[in-house]
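Next up, structure28.txt (compact mmCIF, C-alpha atoms and all ligand atoms):
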# COMPACT_ATOMS: atom_id res chain seq x y z
CA MET A 157 -17.81 -83.66 -51.00
CA LYS A 158 -15.50 -80.69 -51.50
CA GLN A 159 -14.44 -78.22 -48.84
CA LEU A 160 -13.86 -74.57 -49.69
CA VAL A 161 -12.52 -72.22 -47.02
CA ILE A 162 -12.64 -68.45 -47.35
CA LEU A 163 -9.79 -66.60 -45.65
CA SER A 164 -8.26 -63.14 -45.56
CA GLY A 165 -4.97 -61.85 -44.24
CA LYS A 166 -6.80 -59.42 -41.96
CA GLY A 167 -10.34 -58.47 -40.92
CA GLY A 168 -12.56 -56.02 -42.76
CA THR A 169 -11.84 -57.23 -46.30
CA GLY A 170 -15.47 -58.13 -47.02
CA LYS A 171 -14.88 -61.84 -46.49
CA THR A 172 -18.28 -62.47 -44.94
CA SER A 173 -20.20 -60.63 -47.72
CA ILE A 174 -18.33 -62.79 -50.21
CA ALA A 175 -19.03 -65.97 -48.22
CA ALA A 176 -22.74 -65.11 -48.14
CA ALA A 177 -22.81 -64.45 -51.90
CA LEU A 178 -21.04 -67.74 -52.63
CA ALA A 179 -23.44 -69.57 -50.29
CA HIS A 180 -26.36 -68.10 -52.23
CA LEU A 181 -24.90 -68.98 -55.63
CA ALA A 182 -23.68 -72.45 -54.68
CA SER A 183 -26.95 -73.40 -53.01
CA SER A 184 -28.89 -72.90 -56.23
CA GLU A 185 -26.76 -75.57 -57.92
CA MET A 186 -25.71 -78.05 -55.26
CA ARG A 187 -26.30 -79.29 -51.73
CA LEU A 188 -24.42 -77.17 -49.29
CA VAL A 189 -23.37 -77.23 -45.63
CA LEU A 190 -22.05 -73.98 -44.16
CA ALA A 191 -19.64 -73.36 -41.30
CA ASP A 192 -18.90 -69.97 -39.80
CA ALA A 193 -15.41 -70.56 -38.44
CA ASP A 194 -14.90 -66.92 -37.46
CA VAL A 195 -15.92 -67.70 -33.89
CA ASP A 196 -14.53 -64.45 -32.47
CA ALA A 197 -16.86 -62.41 -34.71
CA ALA A 198 -19.49 -64.71 -36.22
CA ASN A 199 -21.17 -62.48 -38.82
CA LEU A 200 -22.46 -64.92 -41.39
CA GLU A 201 -25.64 -65.34 -39.38
CA LEU A 202 -26.45 -61.64 -39.87
CA VAL A 203 -26.94 -62.32 -43.58
CA LEU A 204 -28.30 -65.85 -43.45
CA ALA A 205 -31.01 -65.32 -40.78
CA PRO A 206 -30.55 -68.81 -39.30
CA THR A 207 -33.14 -70.66 -37.24
CA ARG A 208 -31.34 -72.38 -34.40
CA VAL A 209 -32.12 -76.08 -34.13
CA GLU A 210 -29.35 -77.26 -31.77
CA GLU A 211 -27.33 -75.54 -29.04
CA HIS A 212 -24.34 -77.18 -27.28
CA PRO A 213 -21.92 -75.99 -24.58
CA PHE A 214 -18.24 -75.79 -25.50
CA GLU A 215 -15.72 -76.59 -22.79
CA GLY A 216 -12.50 -74.74 -23.44
CA GLY A 217 -10.36 -76.05 -20.60
CA SER A 218 -10.24 -76.57 -16.84
CA ILE A 219 -9.18 -74.52 -13.87
CA ALA A 220 -7.99 -75.69 -10.47
CA GLU A 221 -10.16 -75.60 -7.36
CA ILE A 222 -8.93 -76.32 -3.83
CA SER A 223 -11.11 -78.09 -1.30
CA PRO A 224 -10.72 -76.10 1.98
CA ASP A 225 -11.48 -79.14 4.17
CA LYS A 226 -8.75 -81.28 2.57
CA CYS A 227 -6.05 -78.59 2.22
CA VAL A 228 -3.42 -78.56 4.99
CA ALA A 229 -1.76 -75.33 3.81
CA CYS A 230 1.56 -77.06 3.01
CA GLY A 231 2.32 -74.60 0.20
CA VAL A 232 3.39 -77.20 -2.41
CA CYS A 233 0.85 -75.90 -4.94
CA GLU A 234 2.13 -72.34 -4.59
CA GLU A 235 5.67 -73.56 -5.31
CA VAL A 236 4.73 -75.47 -8.46
CA CYS A 237 2.38 -72.87 -9.94
CA ARG A 238 4.30 -70.93 -12.60
CA PHE A 239 1.39 -68.53 -13.08
CA ASP A 240 1.20 -67.16 -9.52
CA ALA A 241 -2.38 -68.34 -9.39
CA ILE A 242 -2.29 -69.73 -5.85
CA ILE A 243 -3.38 -67.49 -3.00
CA PRO A 244 -1.80 -68.65 0.29
CA GLY A 245 -3.76 -68.66 3.54
CA ASP A 246 -3.22 -69.72 7.16
CA ARG A 247 -5.66 -72.60 7.17
CA PHE A 248 -6.10 -73.38 3.47
CA TYR A 249 -4.96 -72.14 0.06
CA GLN A 250 -7.12 -70.83 -2.76
CA VAL A 251 -6.91 -70.42 -6.55
CA ASP A 252 -7.06 -67.09 -8.35
CA ARG A 253 -9.49 -68.17 -11.08
CA LEU A 254 -8.45 -65.40 -13.44
CA ALA A 255 -4.75 -66.24 -13.20
CA CYS A 256 -5.10 -70.04 -13.40
CA GLU A 257 -4.00 -71.40 -16.81
CA GLY A 258 -5.29 -74.89 -16.14
CA CYS A 259 -1.88 -76.59 -16.44
CA ALA A 260 -2.81 -79.03 -13.60
CA ALA A 261 0.70 -79.00 -12.08
CA CYS A 262 -0.81 -78.29 -8.66
CA PHE A 263 -3.37 -81.06 -9.13
CA TYR A 264 -0.60 -83.65 -9.64
CA GLN A 265 1.64 -82.34 -6.86
CA CYS A 266 -0.81 -81.78 -4.00
CA PRO A 267 0.03 -84.44 -1.35
CA GLU A 268 -3.50 -84.31 0.06
CA GLN A 269 -5.45 -84.67 -3.21
CA ALA A 270 -7.15 -81.43 -2.22
CA ILE A 271 -7.19 -80.03 -5.77
CA GLN A 272 -9.67 -80.76 -8.52
CA MET A 273 -9.58 -79.60 -12.13
CA ILE A 274 -13.01 -78.19 -13.01
CA PRO A 275 -14.02 -78.00 -16.70
CA GLN A 276 -15.08 -74.49 -17.76
CA GLN A 277 -17.63 -73.59 -20.39
CA ALA A 278 -15.88 -71.26 -22.85
CA GLY A 279 -18.68 -70.82 -25.35
CA GLU A 280 -21.47 -72.48 -27.30
CA TRP A 281 -21.82 -73.98 -30.74
CA TYR A 282 -25.00 -74.23 -32.76
CA ARG A 283 -26.54 -76.00 -35.68
CA SER A 284 -29.05 -73.84 -37.54
CA ASP A 285 -31.19 -74.01 -40.64
CA THR A 286 -30.80 -71.35 -43.31
CA ARG A 287 -32.36 -70.89 -46.73
CA PHE A 288 -29.06 -72.02 -48.28
CA GLY A 289 -28.45 -75.12 -46.14
CA PRO A 290 -27.53 -76.11 -42.58
CA LEU A 291 -25.16 -73.71 -40.81
CA PHE A 292 -22.76 -74.56 -37.98
CA HIS A 293 -21.64 -71.56 -35.98
CA ALA A 294 -20.46 -70.67 -32.49
CA HIS A 295 -20.00 -68.03 -29.88
CA LEU A 296 -16.86 -67.82 -27.76
CA PHE A 297 -17.46 -66.14 -24.40
CA ALA A 298 -15.59 -62.88 -23.77
CA GLY A 299 -12.05 -63.37 -22.50
CA GLN A 300 -11.84 -67.00 -23.67
CA GLU A 301 -8.90 -68.00 -25.81
CA ASN A 302 -9.64 -71.43 -27.17
CA SER A 303 -10.94 -70.29 -30.54
CA GLY A 304 -8.82 -72.81 -32.50
CA LYS A 305 -10.42 -75.69 -30.62
CA LEU A 306 -13.90 -74.23 -31.11
CA VAL A 307 -13.26 -73.75 -34.85
CA THR A 308 -12.22 -77.41 -35.03
CA MET A 309 -15.46 -78.40 -33.27
CA VAL A 310 -17.64 -76.31 -35.63
CA LYS A 311 -15.89 -77.70 -38.68
CA GLN A 312 -15.98 -81.30 -37.50
CA GLN A 313 -19.72 -81.10 -36.90
CA ALA A 314 -20.33 -79.44 -40.27
CA ARG A 315 -18.19 -82.03 -42.03
CA LEU A 316 -19.98 -84.93 -40.34
CA LEU A 317 -23.38 -83.64 -41.44
CA ALA A 318 -22.09 -82.94 -44.97
CA LEU A 319 -20.82 -86.53 -45.22
CA ASP A 320 -23.95 -88.04 -43.64
CA THR A 321 -26.29 -86.18 -45.98
CA GLY A 322 -24.18 -86.54 -49.12
CA ALA A 323 -23.71 -82.77 -49.50
CA ASP A 324 -21.63 -81.58 -52.45
CA LEU A 325 -19.85 -78.69 -50.77
CA LEU A 326 -18.80 -77.60 -47.30
CA LEU A 327 -18.32 -73.84 -47.41
CA VAL A 328 -16.29 -72.49 -44.49
CA ASP A 329 -16.16 -68.78 -43.67
CA GLY A 330 -12.78 -68.73 -41.95
CA PRO A 331 -11.34 -66.33 -39.40
CA PRO A 332 -9.20 -63.42 -40.57
CA GLY A 333 -5.46 -63.19 -40.00
CA ILE A 334 -3.15 -66.08 -39.23
CA GLY A 335 -2.70 -68.33 -36.23
CA CYS A 336 -4.41 -71.21 -34.55
CA PRO A 337 -8.05 -70.60 -35.68
CA VAL A 338 -6.90 -70.16 -39.31
CA ILE A 339 -4.94 -73.40 -39.12
CA SER A 340 -8.05 -75.16 -37.78
CA ALA A 341 -10.21 -73.63 -40.52
CA SER A 342 -7.78 -74.57 -43.33
CA ALA A 343 -7.06 -78.14 -42.27
CA GLY A 344 -8.56 -80.63 -44.70
CA ALA A 345 -9.80 -77.99 -47.18
CA ASP A 346 -9.71 -78.78 -50.91
CA MET A 347 -9.29 -75.13 -51.77
CA ALA A 348 -8.83 -71.77 -50.06
CA LEU A 349 -10.24 -68.55 -51.44
CA LEU A 350 -8.08 -65.73 -50.15
CA VAL A 351 -9.82 -62.35 -50.13
CA ALA A 352 -7.41 -59.46 -50.58
CA GLU A 353 -7.93 -55.71 -50.72
CA PRO A 354 -5.75 -53.25 -52.66
CA THR A 355 -4.32 -51.54 -49.59
CA ILE A 356 -0.78 -50.76 -48.44
CA SER A 357 -0.61 -54.02 -46.50
CA GLY A 358 -2.56 -56.05 -49.11
CA VAL A 359 0.35 -58.09 -50.47
CA HIS A 360 1.91 -58.53 -47.04
CA ASP A 361 -1.40 -59.78 -45.56
CA LEU A 362 -1.85 -62.15 -48.48
CA ASP A 363 1.68 -63.47 -48.13
CA ARG A 364 1.11 -64.25 -44.45
CA VAL A 365 -2.10 -66.19 -44.95
CA LEU A 366 -0.56 -68.03 -47.93
CA ALA A 367 2.16 -69.32 -45.63
CA THR A 368 -0.57 -71.15 -43.70
CA THR A 369 -2.43 -72.58 -46.69
CA ASP A 370 0.87 -73.59 -48.35
CA HIS A 371 1.95 -75.31 -45.17
CA PHE A 372 -1.20 -77.46 -45.26
CA GLY A 373 -0.93 -78.04 -49.00
CA VAL A 374 -4.26 -76.32 -49.66
CA PRO A 375 -4.38 -74.87 -53.20
CA ALA A 376 -5.29 -71.17 -53.11
CA ARG A 377 -7.17 -68.76 -55.35
CA VAL A 378 -7.22 -65.02 -54.79
CA LEU A 379 -10.22 -62.73 -55.01
CA ILE A 380 -9.43 -59.02 -55.05
CA ASN A 381 -12.23 -57.14 -53.36
CA LYS A 382 -12.88 -53.43 -54.08
CA ALA A 383 -10.30 -53.91 -56.83
CA ASP A 384 -10.91 -50.50 -58.42
CA ILE A 385 -10.38 -48.32 -55.34
CA ASN A 386 -6.60 -48.46 -55.84
CA PRO A 387 -5.63 -49.88 -59.27
CA ALA A 388 -1.90 -49.66 -58.55
CA ARG A 389 -2.21 -51.74 -55.39
CA ALA A 390 -4.54 -54.17 -57.18
CA GLU A 391 -1.86 -54.59 -59.87
CA GLU A 392 0.69 -55.21 -57.12
CA ILE A 393 -1.47 -58.07 -55.79
CA GLU A 394 -1.90 -59.47 -59.30
CA ALA A 395 1.84 -59.32 -59.96
CA PHE A 396 2.47 -61.13 -56.68
CA CYS A 397 -0.05 -63.81 -57.66
CA ARG A 398 1.53 -64.22 -61.13
CA GLU A 399 4.93 -64.62 -59.56
CA ARG A 400 3.64 -67.23 -57.12
CA GLU A 401 1.46 -68.87 -59.81
CA ILE A 402 -1.72 -68.39 -57.82
CA PRO A 403 -4.80 -68.05 -60.03
CA ILE A 404 -7.02 -64.98 -59.56
CA ALA A 405 -10.62 -66.08 -59.01
CA GLY A 406 -11.95 -62.60 -59.69
CA ARG A 407 -11.86 -58.86 -59.14
CA VAL A 408 -14.86 -57.43 -57.36
CA PRO A 409 -15.34 -53.69 -57.90
CA TYR A 410 -16.37 -51.32 -55.14
CA ASP A 411 -20.16 -51.23 -55.09
CA THR A 412 -22.29 -49.42 -52.49
CA THR A 413 -25.08 -51.97 -52.91
CA VAL A 414 -22.91 -54.54 -51.08
CA THR A 415 -23.39 -52.65 -47.80
CA LYS A 416 -27.07 -52.05 -48.55
CA ALA A 417 -27.52 -55.79 -49.12
CA MET A 418 -25.82 -56.60 -45.79
CA VAL A 419 -28.01 -54.06 -43.95
CA ASN A 420 -31.05 -55.74 -45.50
CA GLY A 421 -29.82 -59.18 -44.43
CA GLN A 422 -29.25 -60.37 -48.02
CA PRO A 423 -26.25 -61.67 -49.95
CA ILE A 424 -25.39 -59.13 -52.66
CA THR A 425 -26.11 -61.68 -55.40
CA ALA A 426 -29.69 -62.09 -54.11
CA TYR A 427 -30.18 -58.35 -53.64
CA ALA A 428 -29.02 -56.55 -56.79
CA ASP A 429 -27.53 -57.10 -60.22
CA GLY A 430 -24.79 -54.49 -59.90
CA PRO A 431 -21.12 -54.85 -60.83
CA ALA A 432 -20.15 -56.58 -57.56
CA ALA A 433 -22.89 -59.21 -57.93
CA GLU A 434 -21.81 -59.83 -61.54
CA ALA A 435 -18.15 -60.20 -60.54
CA LEU A 436 -19.09 -62.63 -57.78
CA ARG A 437 -21.12 -64.73 -60.21
CA ARG A 438 -18.05 -64.98 -62.44
CA ALA A 439 -15.87 -65.79 -59.41
CA TRP A 440 -18.24 -68.58 -58.39
CA ALA A 441 -18.15 -70.05 -61.92
CA HIS A 442 -14.34 -70.02 -61.72
CA LEU A 443 -14.31 -71.68 -58.28
CA ARG A 444 -16.87 -74.31 -59.26
CA GLU A 445 -14.67 -75.36 -62.19
CA ALA A 446 -11.52 -75.29 -60.08
CA LEU A 447 -13.15 -77.47 -57.41
CA ARG A 448 -14.17 -80.01 -60.05
CA SER A 449 -10.66 -80.49 -61.39
S1 LIG B 1 -0.61 -78.56 -2.13
FE1 LIG B 1 -2.64 -79.22 -1.53
S2 LIG B 1 -2.58 -79.34 0.67
FE2 LIG B 1 -0.80 -78.17 0.05
S3 LIG B 1 -1.49 -76.04 0.15
FE3 LIG B 1 -1.85 -76.72 -1.93
S4 LIG B 1 -3.95 -77.49 -1.93
FE4 LIG B 1 -3.32 -77.31 0.18
S1 LIG B 2 -3.66 -75.47 -12.64
FE1 LIG B 2 -1.61 -74.65 -13.05
S2 LIG B 2 -2.00 -72.48 -13.27
FE2 LIG B 2 -3.78 -73.28 -12.23
S3 LIG B 2 -3.35 -73.04 -10.08
FE3 LIG B 2 -2.67 -75.08 -10.66
S4 LIG B 2 -0.50 -74.88 -11.14
FE4 LIG B 2 -1.40 -72.84 -11.14
Please express the file's structure as structure tokens.
Ligand code: SF4
Ligand code: SF4
Amino acid sequence: MKQLVILSGKGGTGKTSIAAALAHLASSEMRLVLADADVDAANLELVLAPTRVEEHPFEGGSIAEISPDKCVACGVCEEVCRFDAIIPGDRFYQVDRLACEGCAACFYQCPEQAIQMIPQQAGEWYRSDTRFGPLFHAHLFAGQENSGKLVTMVKQQARLLALDTGADLLLVDGPPGIGCPVISASAGADMALLVAEPTISGVHDLDRVLATTDHFGVPARVLINKADINPARAEEIEAFCREREIPIAGRVPYDTTVTKAMVNGQPITAYADGPAAEALRRAWAHLREALRS
């Protein structure tokens, strides 16, 4: 089983449209498991129309809670809390739930064992059926920050099912940018497809995300999306890739049918035979060969 992760240096590069097209193309040739690892903005489901078959809570961390009947108002917890999350009182102390970072220092230091660490639900993860294969996806509640951990959970579950069912490919739609969720999405991948756009920051964004995939030893391919909207910038990206010896998986031209396909809940390759769909078919052929070698 191979694992292909789709990443981009920043959001809005068309990564999810490309992931949906590749899911469509790959599923007609092989058994596929899908993971939407962009848990802060899970969009793949908008195109894949999943039917939810499992729903699980995701616990992101714990926060402290003080038992008023055990607390003797000694003030030790206030002293050890580096986040000013303890609210003093005459008879007992309380925790400011919004300020608490869950470090548990107060829990260990309270002489009266008046503090408990209470696990908090930070989101949910789901297993769904789609016409292209099972999809694992998630929703992180507003204000929660544990997206790296949730991405790991989504990917682990997807990987387990892919191994159990003998799937050929685990296709991961990764989060944009860099940082913890991207690290979680890239870990263990056989290949990363980096989606770049010919913009002012195109090369810079690509360089940043490459630092992550290089760090994990994940071989990368680059797909230039909307390649014809700024040929000079597209050439800049290509020159950068030549210099770094990163193969180009394809150049997808700007095509208004891509948006129309998304609005109609379809991958572009299932919706129309325009230039973008053609380019994506060629890109998939390239990736399929690259994954085999
Ligand atoms: S350390 Fe324990 S007993 Fe002391 S104020 Fe805090 S919760 Fe109360
Ligand atoms: S768990 Fe940490 S952050 Fe929260 S109240 Fe206790 S010491 Fe402060």
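With distances restricted to only C-alpha atoms, A:Lys166 is the closest residue to Ser357 of chain A from A:Lys158, A:Glu391, A:Lys166, A:Asp196.
Proximity ranking of A:Pro423, A:Gly168, A:Pro244, A:Pro213 relative to ligand LIG 1 (chain B) places A:Pro244 first, based on all atoms listed in the file.
For segment 274-281 of chain A, the residues within 9 Å (counting only C-alpha atoms, excluding itself and residues fewer than 5 positions away along the chain) are Glu210, Glu211, His212, Pro213, Phe214, Glu215, Gly216, Gly217, Ser218, Ile219, Ala220, Glu221, Gly258, Phe292, His293, Ala294, His295, Leu296, Phe297, Ala298, Gly299, Gln300, Glu301, Asn302, Leu306, Met309 and Val310 of chain A.
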Open item on the list: At a cut-off of 6 Å around ligand LIG 2 (chain B), and using all atoms listed in the file, what residues come up? Please write them as JSON, numbers by chain.
Closed with: {"A": [219, 220, 236, 237, 239, 241, 242, 251, 256, 257, 258, 259, 260, 261, 262]}
Selected residues written out, C-alpha atoms, as a PDB file, in the coordinates of the input:
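File written: result-v5.pdb
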ATOM      1  CA  ILE A 219      -9.180 -74.520 -13.870  1.00  0.00           C
ATOM      2  CA  ALA A 220      -7.990 -75.690 -10.470  1.00  0.00           C
ATOM      3  CA  VAL A 236       4.730 -75.470  -8.460  1.00  0.00           C
ATOM      4  CA  CYS A 237       2.380 -72.870  -9.940  1.00  0.00           C
ATOM      5  CA  PHE A 239       1.390 -68.530 -13.080  1.00  0.00           C
ATOM      6  CA  ALA A 241      -2.380 -68.340  -9.390  1.00  0.00           C
ATOM      7  CA  ILE A 242      -2.290 -69.730  -5.850  1.00  0.00           C
ATOM      8  CA  VAL A 251      -6.910 -70.420  -6.550  1.00  0.00           C
ATOM      9  CA  CYS A 256      -5.100 -70.040 -13.400  1.00  0.00           C
ATOM     10  CA  GLU A 257      -4.000 -71.400 -16.810  1.00  0.00           C
ATOM     11  CA  GLY A 258      -5.290 -74.890 -16.140  1.00  0.00           C
ATOM     12  CA  CYS A 259      -1.880 -76.590 -16.440  1.00  0.00           C
ATOM     13  CA  ALA A 260      -2.810 -79.030 -13.600  1.00  0.00           C
ATOM     14  CA  ALA A 261       0.700 -79.000 -12.080  1.00  0.00           C
ATOM     15  CA  CYS A 262      -0.810 -78.290  -8.660  1.00  0.00           C
TER      16      CYS A 262
END
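The closest residue to Pro337 of chain A, picked from A:Asn386, A:Thr368, A:Asn199, A:Ser184 and counting all atoms listed in the file, is A:Thr368.
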As AutoDock Vina command-line options, what would the box around ligand LIG 1 (chain B) look like: edges along x, y and z, 4 Å added on every side, centre and edge lengths in Å to one decimal?
--center_x -2.3 --center_y -77.7 --center_z -0.7 --size_x 11.3 --size_y 11.3 --size_z 10.8
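Among the candidates A:Ala428, A:His360, A:Cys233, A:Ala345, the one nearest to Lys416 of chain A when counting only C-alpha atoms is A:Ala428.
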Open item on the list: Using all atoms listed in the file, which protein or nucleic acid residues come within 10 Å of Ala182 of chain A? Drop anything in the same chain fewer than 2 positions from it, and give the result as a VMD selection string.
Closed with: chain A and resid 176 to 180 184 to 188 288 324 to 325 327 437 440 to 441 444
With C-alpha atoms retained, could you export that selection as a compact mmCIF listing (two decimals), in the coordinates of the input?
# COMPACT_ATOMS: atom_id res chain seq x y z
CA ALA A 176 -22.74 -65.11 -48.14
CA ALA A 177 -22.81 -64.45 -51.90
CA LEU A 178 -21.04 -67.74 -52.63
CA ALA A 179 -23.44 -69.57 -50.29
CA HIS A 180 -26.36 -68.10 -52.23
CA SER A 184 -28.89 -72.90 -56.23
CA GLU A 185 -26.76 -75.57 -57.92
CA MET A 186 -25.71 -78.05 -55.26
CA ARG A 187 -26.30 -79.29 -51.73
CA LEU A 188 -24.42 -77.17 -49.29
CA PHE A 288 -29.06 -72.02 -48.28
CA ASP A 324 -21.63 -81.58 -52.45
CA LEU A 325 -19.85 -78.69 -50.77
CA LEU A 327 -18.32 -73.84 -47.41
CA ARG A 437 -21.12 -64.73 -60.21
CA TRP A 440 -18.24 -68.58 -58.39
CA ALA A 441 -18.15 -70.05 -61.92
CA ARG A 444 -16.87 -74.31 -59.26
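Note that the spacing between atom CA of Asp240 of chain A and atom FE3 of ligand LIG 1 (chain B) amounts to 12.6 Å.
The residues that lie within 7 Å of the point (-27.8, -79.2, -45.6), counting only C-alpha atoms, are A:Arg187, A:Leu188, A:Val189, A:Gly289, A:Pro290, A:Ala318, A:Ala323.
Residues within 10 Å of Glu268 of chain A, counting all atoms listed in the file and excluding same-chain residues fewer than 6 positions away, are Ser223, Lys226, Cys227, Val228, Ala229 and Cys230 of chain A.
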What does the file look like for those residues with C-alpha atoms, as a PDB file, keeping the file's coordinate frame?
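So again30.pdb came out as:
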ATOM      1  CA  SER A 223     -11.110 -78.090  -1.300  1.00  0.00           C
ATOM      2  CA  LYS A 226      -8.750 -81.280   2.570  1.00  0.00           C
ATOM      3  CA  CYS A 227      -6.050 -78.590   2.220  1.00  0.00           C
ATOM      4  CA  VAL A 228      -3.420 -78.560   4.990  1.00  0.00           C
ATOM      5  CA  ALA A 229      -1.760 -75.330   3.810  1.00  0.00           C
ATOM      6  CA  CYS A 230       1.560 -77.060   3.010  1.00  0.00           C
TER       7      CYS A 230
END
Open item on the list: as a PyMOL selection string, please: the residues near Val374 of chain A (cut-off 12 Å, all atoms listed in the file, same-chain neighbours under 3 positions excluded).
Closed with: chain A and resi 159-163+339+341-350+365-371+377+402+447
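Taking atom CA of Tyr249 of chain A and atom CA of Ala270 of chain A as the two end points, the separation is 9.8 Å.
Candidate residues A:Val209, A:Ala175, A:Cys336, A:Cys266 were compared for distance to ligand LIG 1 (chain B), and the nearest is A:Cys266, using all atoms listed in the file.
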- [ ] One decimal, Å: what's the distance from atom CA of Ala426 of chain A over to atom CA of Gly167 of chain A, could you say?
- [x] 23.7 Å
